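Comments concern the structure below.
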Amino acid sequence: MAASPVGPVPKLFQPIRVGTTNLQHRVVLAPMTRCRADVQHVPGALALEYYKQRTSVPGTLAITEATFIDARAGGLTNIPGIWNDEQVAGWKPVRPLEELPFSSSRSRSSSSSSLSQSFPLSF
C-alpha cells in the first residue's frame with residue numbers, strides 16, 4: 001500500500017494505468033441504463049450532462065450504459081441506441097472514440113479479441 005499522511009492508502013484508491021489512460025483511482029462507474037435518450041433512441045444533452053457530472057474528476061473511468069443494437073432489440077423508451085448514424089453521432093460528445101484507451105486503426109471485428117490485452121486490470 002502507498003503511504004498517506006493518515007496511513008496506508010487502500011489499493012482501491014491508488015492510481016492505475018488502463019490501456020493508455022492513467023486513472024487516479026480504481027473506482028469505476030459501472031454501466032447503468034439511465035433513459036437519457038430521445039424517442040428515436042438518440043443520446044443527447046441529458047446523457048452528456050450525466051456523464052460530465054460523473055467524470056468531472058480527472059482520471060475517472062465511467063463505462064457508458066447498455067445500448068440497443070437494433071430497433072427490434074428492445075422495447076423500452078428513451079434507451080440509447082447505436083444502430084444508426086444519428087445515434088452514433090449522439091454518443092460522440094460524451095467521449096470521442098479516438099480518446100478511448102483501446103482505440104486504434106483496428107477493425108471492430110479484431111478489436112473485441114484484443115480488448116482484454118488493452119485492459120490488464122488487477123485489483
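Residue names in the C-alpha cells use chain letters A, B, ... in the order shown, residue numbers from 1 in each chain, and ligand numbers from 1 in the order shown.
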Could you give me, as a PyMOL selection string, the residues within 7 Å of stretch 64-81 of chain A, counting only C-alpha atoms and dropping anything in the same chain fewer than 5 positions from it?
chain A and resi 31-33+35-39+41-43+87
Mind dumping the selected residues with N, CA and C atoms as a PDB file, in the first residue's frame?
ATOM      1  N   PRO A  31     -21.792   0.383 -15.918  1.00  0.00           N
ATOM      2  CA  PRO A  31     -22.847   0.759 -16.850  1.00  0.00           C
ATOM      3  C   PRO A  31     -24.228   0.574 -16.228  1.00  0.00           C
ATOM      4  N   MET A  32     -25.045   1.599 -16.361  1.00  0.00           N
ATOM      5  CA  MET A  32     -26.430   1.560 -15.886  1.00  0.00           C
ATOM      6  C   MET A  32     -27.288   2.247 -16.937  1.00  0.00           C
ATOM      7  N   THR A  33     -28.438   1.690 -17.245  1.00  0.00           N
ATOM      8  CA  THR A  33     -29.308   2.326 -18.214  1.00  0.00           C
ATOM      9  C   THR A  33     -30.035   3.469 -17.538  1.00  0.00           C
ATOM     10  N   CYS A  35     -31.908   5.996 -19.290  1.00  0.00           N
ATOM     11  CA  CYS A  35     -33.040   6.530 -20.061  1.00  0.00           C
ATOM     12  C   CYS A  35     -32.839   8.002 -20.412  1.00  0.00           C
ATOM     13  N   ARG A  36     -31.685   8.358 -20.916  1.00  0.00           N
ATOM     14  CA  ARG A  36     -31.364   9.744 -21.240  1.00  0.00           C
ATOM     15  C   ARG A  36     -31.372  10.024 -22.752  1.00  0.00           C
ATOM     16  N   ALA A  37     -31.999   9.149 -23.522  1.00  0.00           N
ATOM     17  CA  ALA A  37     -32.069   9.357 -24.974  1.00  0.00           C
ATOM     18  C   ALA A  37     -33.461   9.863 -25.357  1.00  0.00           C
ATOM     19  N   ASP A  38     -33.600  10.313 -26.606  1.00  0.00           N
ATOM     20  CA  ASP A  38     -34.914  10.750 -27.070  1.00  0.00           C
ATOM     21  C   ASP A  38     -35.723   9.539 -27.562  1.00  0.00           C
ATOM     22  N   VAL A  39     -36.909   9.787 -28.122  1.00  0.00           N
ATOM     23  CA  VAL A  39     -37.768   8.674 -28.532  1.00  0.00           C
ATOM     24  C   VAL A  39     -37.215   7.899 -29.723  1.00  0.00           C
ATOM     25  N   HIS A  41     -34.157   7.031 -29.715  1.00  0.00           N
ATOM     26  CA  HIS A  41     -33.025   6.364 -29.067  1.00  0.00           C
ATOM     27  C   HIS A  41     -31.688   7.060 -29.345  1.00  0.00           C
ATOM     28  N   VAL A  42     -31.733   8.368 -29.569  1.00  0.00           N
ATOM     29  CA  VAL A  42     -30.522   9.163 -29.799  1.00  0.00           C
ATOM     30  C   VAL A  42     -30.114   9.819 -28.477  1.00  0.00           C
ATOM     31  N   PRO A  43     -28.911   9.508 -27.967  1.00  0.00           N
ATOM     32  CA  PRO A  43     -28.460  10.193 -26.748  1.00  0.00           C
ATOM     33  C   PRO A  43     -28.212  11.666 -27.040  1.00  0.00           C
ATOM     34  N   GLN A  87     -27.616   8.074 -33.972  1.00  0.00           N
ATOM     35  CA  GLN A  87     -27.339   7.593 -32.613  1.00  0.00           C
ATOM     36  C   GLN A  87     -25.837   7.584 -32.328  1.00  0.00           C
TER      37      GLN A  87
END
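Atom CA of A:Lys11 to atom CA of A:Arg26 spans 7.8 Å [interatomic distance, one decimal].
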Using only C-alpha atoms, which of the listed residues (A:Asn22, A:Gln40, A:Ala30, A:Pro8) sits closest to A:Ile82?
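Smallest distance to A:Ile82 is found for A:Gln40.
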Residues at most 12 Å from A:Leu48, counting only C-alpha atoms, excluding those fewer than 6 positions away in the same chain, as a list in words?
Arg34, Arg36, Ala37, Val42, Arg54, Thr55, Ser56, Thr64, Gly90, Trp91, Lys92, Pro93, Val94, Arg95 and Pro96 of chain A
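Nearest residue to A:Thr60, choosing from A:Val18, A:Leu12, A:Val27, A:Val6 and counting only C-alpha atoms: A:Val27.
Considering only C-alpha atoms, the residue among A:Leu23, A:Ala47, A:Val9, A:Val28 positioned nearest to A:Gly59 is A:Leu23.
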In terms of only C-alpha atoms, the residue from A:Gln14, A:Gly44, A:Tyr51, A:His25 at minimal distance from A:Glu86 is A:Gly44
Using DSSP on the backbone coordinates, identify all residues within stretch 6-90 of chain A classified as strand (DSSP E or B); present the result as number ranges by chain.
A: 7-9, 16-18, 21-23, 28-29, 37, 43, 61-62, 68, 81
Dump C-alpha atoms for the selected residues as a short mmCIF file (atom, residue, chain, number, x, y, z; two decimals), in the first residue's frame?
data_model
loop_
_atom_site.label_atom_id
_atom_site.label_comp_id
_atom_site.auth_asym_id
_atom_site.auth_seq_id
_atom_site.Cartn_x
_atom_site.Cartn_y
_atom_site.Cartn_z
CA GLY A 7 -1.74 5.93 6.96
CA PRO A 8 -1.63 3.45 4.09
CA VAL A 9 -3.88 4.15 1.10
CA ILE A 16 -3.68 2.52 -12.11
CA ARG A 17 -2.91 2.59 -15.84
CA VAL A 18 -5.68 1.12 -18.05
CA THR A 21 -5.14 6.00 -19.73
CA ASN A 22 -3.91 6.83 -16.25
CA LEU A 23 -6.68 6.59 -13.69
CA VAL A 28 -15.27 2.77 -11.85
CA LEU A 29 -18.82 3.85 -12.65
CA ALA A 37 -32.07 9.36 -24.97
CA PRO A 43 -28.46 10.19 -26.75
CA LEU A 61 -13.43 5.90 -15.67
CA ALA A 62 -17.13 5.55 -16.45
CA PHE A 68 -29.86 -1.21 -28.21
CA GLY A 81 -29.33 3.01 -29.47
#
Those in stretch 2-107 of chain A with helix (DSSP H, G or I) from DSSP, as a PDB file with N, CA and C atoms, in the first residue's frame:
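Produced file result_26.pdb, reproduced below:
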ATOM      1  N   LYS A  11      -5.564  -0.085  -1.853  1.00  0.00           N
ATOM      2  CA  LYS A  11      -5.300  -0.254  -3.280  1.00  0.00           C
ATOM      3  C   LYS A  11      -6.437   0.312  -4.140  1.00  0.00           C
ATOM      4  N   LEU A  12      -7.674   0.272  -3.647  1.00  0.00           N
ATOM      5  CA  LEU A  12      -8.817   0.808  -4.370  1.00  0.00           C
ATOM      6  C   LEU A  12      -8.638   2.276  -4.742  1.00  0.00           C
ATOM      7  N   PHE A  13      -7.938   3.021  -3.904  1.00  0.00           N
ATOM      8  CA  PHE A  13      -7.773   4.452  -4.128  1.00  0.00           C
ATOM      9  C   PHE A  13      -6.397   4.822  -4.673  1.00  0.00           C
ATOM     10  N   ALA A  45     -28.317  15.871 -24.890  1.00  0.00           N
ATOM     11  CA  ALA A  45     -27.777  16.743 -23.844  1.00  0.00           C
ATOM     12  C   ALA A  45     -27.890  16.127 -22.452  1.00  0.00           C
ATOM     13  N   LEU A  46     -28.969  15.410 -22.171  1.00  0.00           N
ATOM     14  CA  LEU A  46     -29.112  14.780 -20.845  1.00  0.00           C
ATOM     15  C   LEU A  46     -28.020  13.744 -20.601  1.00  0.00           C
ATOM     16  N   ALA A  47     -27.734  12.932 -21.617  1.00  0.00           N
ATOM     17  CA  ALA A  47     -26.678  11.926 -21.474  1.00  0.00           C
ATOM     18  C   ALA A  47     -25.323  12.598 -21.293  1.00  0.00           C
ATOM     19  N   LEU A  48     -25.065  13.619 -22.095  1.00  0.00           N
ATOM     20  CA  LEU A  48     -23.791  14.332 -21.984  1.00  0.00           C
ATOM     21  C   LEU A  48     -23.630  14.932 -20.594  1.00  0.00           C
ATOM     22  N   GLU A  49     -24.649  15.578 -20.070  1.00  0.00           N
ATOM     23  CA  GLU A  49     -24.577  16.174 -18.731  1.00  0.00           C
ATOM     24  C   GLU A  49     -24.386  15.104 -17.659  1.00  0.00           C
ATOM     25  N   TYR A  50     -25.086  13.994 -17.775  1.00  0.00           N
ATOM     26  CA  TYR A  50     -24.970  12.884 -16.818  1.00  0.00           C
ATOM     27  C   TYR A  50     -23.521  12.405 -16.724  1.00  0.00           C
ATOM     28  N   TYR A  51     -22.897  12.146 -17.869  1.00  0.00           N
ATOM     29  CA  TYR A  51     -21.524  11.640 -17.852  1.00  0.00           C
ATOM     30  C   TYR A  51     -20.509  12.722 -17.483  1.00  0.00           C
ATOM     31  N   LYS A  52     -20.759  13.961 -17.847  1.00  0.00           N
ATOM     32  CA  LYS A  52     -19.869  15.047 -17.417  1.00  0.00           C
ATOM     33  C   LYS A  52     -19.856  15.156 -15.898  1.00  0.00           C
ATOM     34  N   GLN A  53     -21.033  15.064 -15.282  1.00  0.00           N
ATOM     35  CA  GLN A  53     -21.122  15.150 -13.824  1.00  0.00           C
ATOM     36  C   GLN A  53     -20.344  14.026 -13.152  1.00  0.00           C
ATOM     37  N   ARG A  54     -20.396  12.866 -13.730  1.00  0.00           N
ATOM     38  CA  ARG A  54     -19.777  11.699 -13.099  1.00  0.00           C
ATOM     39  C   ARG A  54     -18.315  11.493 -13.455  1.00  0.00           C
ATOM     40  N   ASP A  85     -26.596   6.166 -37.826  1.00  0.00           N
ATOM     41  CA  ASP A  85     -25.604   7.246 -37.776  1.00  0.00           C
ATOM     42  C   ASP A  85     -25.977   8.352 -36.784  1.00  0.00           C
ATOM     43  N   GLU A  86     -27.268   8.670 -36.682  1.00  0.00           N
ATOM     44  CA  GLU A  86     -27.699   9.722 -35.761  1.00  0.00           C
ATOM     45  C   GLU A  86     -27.403   9.329 -34.302  1.00  0.00           C
ATOM     46  N   GLN A  87     -27.616   8.074 -33.972  1.00  0.00           N
ATOM     47  CA  GLN A  87     -27.339   7.593 -32.613  1.00  0.00           C
ATOM     48  C   GLN A  87     -25.837   7.584 -32.328  1.00  0.00           C
ATOM     49  N   VAL A  88     -25.066   7.121 -33.274  1.00  0.00           N
ATOM     50  CA  VAL A  88     -23.614   7.127 -33.109  1.00  0.00           C
ATOM     51  C   VAL A  88     -23.122   8.554 -32.905  1.00  0.00           C
ATOM     52  N   ALA A  89     -23.640   9.477 -33.691  1.00  0.00           N
ATOM     53  CA  ALA A  89     -23.259  10.888 -33.557  1.00  0.00           C
ATOM     54  C   ALA A  89     -23.665  11.435 -32.189  1.00  0.00           C
ATOM     55  N   GLY A  90     -24.781  10.967 -31.656  1.00  0.00           N
ATOM     56  CA  GLY A  90     -25.223  11.410 -30.339  1.00  0.00           C
ATOM     57  C   GLY A  90     -24.281  11.007 -29.213  1.00  0.00           C
ATOM     58  N   TRP A  91     -23.588   9.885 -29.390  1.00  0.00           N
ATOM     59  CA  TRP A  91     -22.622   9.436 -28.375  1.00  0.00           C
ATOM     60  C   TRP A  91     -21.306  10.196 -28.445  1.00  0.00           C
ATOM     61  N   LEU A  97     -14.371   8.776 -29.704  1.00  0.00           N
ATOM     62  CA  LEU A  97     -13.773   7.449 -29.813  1.00  0.00           C
ATOM     63  C   LEU A  97     -12.257   7.484 -29.850  1.00  0.00           C
ATOM     64  N   GLU A  98     -11.671   8.473 -30.530  1.00  0.00           N
ATOM     65  CA  GLU A  98     -10.208   8.500 -30.646  1.00  0.00           C
ATOM     66  C   GLU A  98      -9.516   8.723 -29.307  1.00  0.00           C
ATOM     67  N   GLU A  99     -10.262   9.142 -28.273  1.00  0.00           N
ATOM     68  CA  GLU A  99      -9.666   9.342 -26.959  1.00  0.00           C
ATOM     69  C   GLU A  99      -9.703   8.086 -26.101  1.00  0.00           C
TER      70      GLU A  99
END
